[in-house]
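Participant: Quick one: the structure is below, and I'll ask about it shortly.
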Amino acid sequence: MANASGLLTPSVPSLRRRVQPPIQIYRSGFCSSERMFKRVLCSSTIAGDEKSVSRSESRPPRFVSKGCKLVGCGSAVPALQISNVELSKIVETSDEWISTRTGIRNRRVLSGKESLNDLAVEAARKALQMAEVEPDDVDLILMCTSTPEDLFGGAPQIQKALGCKNNPLSYDITAACSGFLLGLVSAASHIRGTGFRNVLVVGADALSRFVDWTDRGSCILFGDAAGAVLLQACDSEEDGLFSFDVHSDGEGGRHLKAGIRGNETEHELGSNGSVLFPPQRSSYSCIHMNGKEVFRFAVRVVPQSIESAMVKAGLTMSSIDWLLLHQANQRIIDAVATRLEIPSERVISNLANYGNTSAASIPLALDEAVRSGKVKSGDTIAAAGFGAGLTWGSAILRWG
């Protein structure tokens, strides 16, 4: 499994004692044996019988030293656009107040019959089309969201809507604004560790459903969107995910959260002091955010994380073509770029048009940059996500 430093650690110690292959650490941050095969033997022993039956004897061994690369991207946004001027009609604010403090001028919001799953499916289809991969060739779908249409997750519904007839594994990753970045790391681990070839990573969120639209400190920030990329297995020499660095700090979770409503988590007592049953149905509160603390957190940890990932990749900052951060606030983006000494012309930002779209922000910005011709095949990108949890992480990757 992958640890926070981006290295794979053996999960079966007994196998390591039996076989001691030469280990090489690739730029991707993953450990693997150079040009070596690994075979996992699964055996069962019948009581009174010393004979073991290997389930993998007839299976050919497979390589574990694989790379992965990004070969397709896509995005989708709701039809309804809400400008700062329109927002100022329902809450005490103005276009100037919002834009100078956040860099945001517009955001998209789900309305009518639109659903988050619809956006996710559209983004995924566009990514598959760009990569020229059929839905039946997808091995895994990761839905990175904190606002699923179903409490139990939305990834299987994405798989169904895409028409993947081979029933590939599909599951959700909940890590708010860091979700997509962690989805990339998970996808790479699946490709390198399980032999999957094509993995769809979808970032999609509808935070408009959890915003207090009377609170000008938070409602001005968020929008709805979906973005997706296709990660594809390749030879280790073509590896496009050079390194990663991921962390979390639950101590800071109080600064950005949307918990179950307080009065619903307390057991109601009957007149005789007994606990009433069944409990009331729960619902989540609106987003609570301490903006100053989140800003301080982001401008402190994000540059450190990117620098750590750069060291693991064996690259210098001059090797980076583009800085792509979670689109939370233009002041955060500018502050991180300044600390890393990356000029503004090498920073990708579409925050002004969409606001903070949580797990969708990085793939949405990447898709627009690729389709506009700004990001070209072979470009090296330093990407970072950060948000609720608190969680944060970065990855050094190559497009195409």
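Simple scheme: letters A, B, ... for chains in structure tokens order, numbers from 1 for residues in each chain, numbers from 1 for ligands in the order shown.
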Please return as a ChimeraX atom specification: the residues of stretch 105-354 of chain A that backbone DSSP assigns to strand (DSSP E or B).
Facilitator: /A:106-109,140-144,169-173,198-206,222,224-235,241-248,256-257,260,269,275,284,288-289,322-325,347-348
Participant: Compile the contact shell of A:Cys73 as a compact mmCIF listing (two decimals) with all heavy atoms, in the first residue's frame: residues with an atom at most 6 Å away, counting only C-alpha atoms, same-chain residues fewer than 5 positions apart removed.
Facilitator:
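File written: result-v1.txt
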# COMPACT_ATOMS: atom_id res chain seq x y z
N ALA A 127 -13.79 12.55 -21.34
CA ALA A 127 -12.44 12.05 -21.07
C ALA A 127 -12.18 10.76 -21.85
O ALA A 127 -11.09 10.57 -22.40
CB ALA A 127 -12.26 11.80 -19.57
N ALA A 228 -13.10 15.14 -15.12
CA ALA A 228 -12.63 13.75 -15.14
C ALA A 228 -11.35 13.62 -15.94
O ALA A 228 -11.10 14.41 -16.86
CB ALA A 228 -13.70 12.83 -15.73
N VAL A 229 -10.56 12.63 -15.57
CA VAL A 229 -9.38 12.26 -16.36
C VAL A 229 -9.34 10.74 -16.49
O VAL A 229 -9.91 10.03 -15.65
CB VAL A 229 -8.06 12.75 -15.72
CG1 VAL A 229 -8.03 14.25 -15.61
CG2 VAL A 229 -7.82 12.09 -14.38
N ASP A 367 -8.95 20.52 -17.87
CA ASP A 367 -9.64 20.26 -19.13
C ASP A 367 -9.71 21.52 -19.99
O ASP A 367 -9.45 21.47 -21.21
CB ASP A 367 -11.05 19.73 -18.84
CG ASP A 367 -11.80 19.35 -20.10
OD1 ASP A 367 -11.24 18.58 -20.92
OD2 ASP A 367 -12.95 19.81 -20.29
Participant: Would you mind listing, for every residue of stretch 132-244 of chain A within 12 Å of stretch 371-383 of chain A, the two atoms forming the shortest contact and the distance between them in Å to one decimal, using only C-alpha atoms, sorted by chain and ascending residue number, as JSON lines?
Facilitator:
{"residue": "A:Ser178", "atom": "CA", "partner": "A:Ala383", "partner_atom": "CA", "distance": 10.7}
{"residue": "A:Phe180", "atom": "CA", "partner": "A:Ala383", "partner_atom": "CA", "distance": 10.3}
{"residue": "A:Leu181", "atom": "CA", "partner": "A:Ala383", "partner_atom": "CA", "distance": 7.8}
{"residue": "A:Leu182", "atom": "CA", "partner": "A:Ala383", "partner_atom": "CA", "distance": 11.2}
{"residue": "A:Leu184", "atom": "CA", "partner": "A:Ala383", "partner_atom": "CA", "distance": 10.6}
{"residue": "A:Val185", "atom": "CA", "partner": "A:Ala383", "partner_atom": "CA", "distance": 11.8}
{"residue": "A:Glu238", "atom": "CA", "partner": "A:Gly378", "partner_atom": "CA", "distance": 10.5}
{"residue": "A:Asp239", "atom": "CA", "partner": "A:Gly378", "partner_atom": "CA", "distance": 11.3}
{"residue": "A:Gly240", "atom": "CA", "partner": "A:Thr380", "partner_atom": "CA", "distance": 8.7}
{"residue": "A:Leu241", "atom": "CA", "partner": "A:Thr380", "partner_atom": "CA", "distance": 9.6}
{"residue": "A:Phe242", "atom": "CA", "partner": "A:Thr380", "partner_atom": "CA", "distance": 9.5}
{"residue": "A:Ser243", "atom": "CA", "partner": "A:Ala382", "partner_atom": "CA", "distance": 9.8}
{"residue": "A:Phe244", "atom": "CA", "partner": "A:Ala383", "partner_atom": "CA", "distance": 9.4}
Participant: When you count only C-alpha atoms, which of these residues is closest to A:Gly387: A:Ser349, A:Ser146, A:Ser236, A:Gln280?
Facilitator: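 Nearest to A:Gly387: A:Ser146.
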Participant: Determine, counting only C-alpha atoms, which protein, DNA and RNA residues have an atom within 9 Å of an atom of A:Ala155; residues of the same chain fewer than 3 positions away are not included. Present the result as a CSV table (one decimal) with N, CA, C and O atoms, in the first residue's frame.
Facilitator:
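Done, and the output landed in out26.csv:
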chain,number,residue,atom,x,y,z
A,117,ASN,N,-24.8,13.6,-10.9
A,117,ASN,CA,-24.4,12.4,-11.7
A,117,ASN,C,-24.4,12.7,-13.2
A,117,ASN,O,-23.6,12.2,-13.9
A,141,ILE,N,-13.6,2.9,-11.8
A,141,ILE,CA,-14.1,4.2,-11.7
A,141,ILE,C,-14.0,4.8,-10.3
A,141,ILE,O,-14.6,4.1,-9.4
A,142,LEU,N,-13.4,5.9,-10.1
A,142,LEU,CA,-13.3,6.5,-8.8
A,142,LEU,C,-14.1,7.8,-8.9
A,142,LEU,O,-13.7,8.7,-9.7
A,143,MET,N,-15.1,7.9,-8.0
A,143,MET,CA,-15.9,9.1,-8.0
A,143,MET,C,-15.5,9.9,-6.7
A,143,MET,O,-15.8,9.5,-5.6
A,144,CYS,N,-14.8,11.0,-7.0
A,144,CYS,CA,-14.3,11.8,-5.9
A,144,CYS,C,-15.4,12.9,-5.6
A,144,CYS,O,-15.5,13.9,-6.4
A,148,PRO,N,-22.5,13.3,-2.8
A,148,PRO,CA,-23.1,12.3,-3.7
A,148,PRO,C,-24.7,12.4,-3.8
A,148,PRO,O,-25.3,12.9,-2.8
A,158,ILE,N,-22.5,6.0,-12.1
A,158,ILE,CA,-21.7,6.5,-13.2
A,158,ILE,C,-21.3,5.3,-14.1
A,158,ILE,O,-21.4,5.5,-15.4
A,159,GLN,N,-20.9,4.2,-13.5
A,159,GLN,CA,-20.6,3.0,-14.3
A,159,GLN,C,-21.8,2.6,-15.1
A,159,GLN,O,-21.7,2.2,-16.3
A,160,LYS,N,-23.0,2.6,-14.5
A,160,LYS,CA,-24.2,2.2,-15.2
A,160,LYS,C,-24.5,3.1,-16.4
A,160,LYS,O,-24.8,2.7,-17.5
A,169,LEU,N,-15.1,-2.3,-11.1
A,169,LEU,CA,-15.2,-1.8,-9.7
A,169,LEU,C,-15.4,-0.3,-9.8
A,169,LEU,O,-14.7,0.4,-10.5
A,170,SER,N,-16.3,0.2,-9.0
A,170,SER,CA,-16.6,1.6,-8.9
A,170,SER,C,-16.9,2.0,-7.5
A,170,SER,O,-17.8,1.4,-6.9
A,171,TYR,N,-16.2,3.0,-7.0
A,171,TYR,CA,-16.4,3.5,-5.6
A,171,TYR,C,-16.1,4.9,-5.4
A,171,TYR,O,-15.4,5.5,-6.2
A,172,ASP,N,-16.6,5.5,-4.3
A,172,ASP,CA,-16.4,6.9,-4.0
A,172,ASP,C,-15.2,7.2,-3.1
A,172,ASP,O,-14.8,6.3,-2.3
A,202,VAL,N,-13.1,10.7,-11.5
A,202,VAL,CA,-14.0,11.8,-11.7
A,202,VAL,C,-14.1,12.6,-10.4
A,202,VAL,O,-14.2,12.1,-9.3
Participant: Report as number ranges by chain: the residues of stretch 122-232 of chain A with a DSSP assignment of helix (DSSP H, G or I), based on the backbone of this structure.
Facilitator: A: 122-131, 135-137, 155-162, 176-194, 207-210
Participant: Need the shell around A:Gln232: protein/DNA/RNA residues with any atom at most 8 Å away, counting only C-alpha atoms. Skip same-chain ones fewer than 3 positions apart. Format as a PDB file with N, CA and C atoms, in the first residue's frame?
Facilitator:
ATOM      1  N   CYS A  68       2.022   4.930 -15.301  1.00  0.00           N
ATOM      2  CA  CYS A  68       0.684   5.358 -15.713  1.00  0.00           C
ATOM      3  C   CYS A  68       0.777   6.783 -16.244  1.00  0.00           C
ATOM      4  N   LYS A  69      -0.130   7.134 -17.110  1.00  0.00           N
ATOM      5  CA  LYS A  69      -0.103   8.470 -17.704  1.00  0.00           C
ATOM      6  C   LYS A  69      -1.523   8.972 -17.931  1.00  0.00           C
ATOM      7  N   LEU A  70      -1.672  10.291 -17.968  1.00  0.00           N
ATOM      8  CA  LEU A  70      -2.960  10.914 -18.217  1.00  0.00           C
ATOM      9  C   LEU A  70      -3.147  11.065 -19.722  1.00  0.00           C
ATOM     10  N   VAL A  71      -4.220  10.466 -20.233  1.00  0.00           N
ATOM     11  CA  VAL A  71      -4.412  10.454 -21.678  1.00  0.00           C
ATOM     12  C   VAL A  71      -5.734  11.068 -22.126  1.00  0.00           C
ATOM     13  N   ILE A 191      -3.310   0.871 -10.667  1.00  0.00           N
ATOM     14  CA  ILE A 191      -2.671   0.465 -11.922  1.00  0.00           C
ATOM     15  C   ILE A 191      -1.380  -0.287 -11.647  1.00  0.00           C
ATOM     16  N   ARG A 197      -5.698  -1.378 -16.324  1.00  0.00           N
ATOM     17  CA  ARG A 197      -5.128  -0.628 -17.442  1.00  0.00           C
ATOM     18  C   ARG A 197      -5.746   0.764 -17.581  1.00  0.00           C
ATOM     19  N   ASN A 198      -7.056   0.864 -17.492  1.00  0.00           N
ATOM     20  CA  ASN A 198      -7.730   2.146 -17.670  1.00  0.00           C
ATOM     21  C   ASN A 198      -8.549   2.488 -16.431  1.00  0.00           C
ATOM     22  N   VAL A 199      -8.238   3.614 -15.812  1.00  0.00           N
ATOM     23  CA  VAL A 199      -8.945   4.037 -14.610  1.00  0.00           C
ATOM     24  C   VAL A 199      -9.496   5.452 -14.811  1.00  0.00           C
TER      25      VAL A 199
END
Participant: With only C-alpha atoms as the atoms that count, which of A:Thr93, A:Ala369, A:Ala337, A:Ala76 lies nearest to A:Thr214?
Facilitator: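 That would be A:Thr93, the residue with the smallest distance to A:Thr214.
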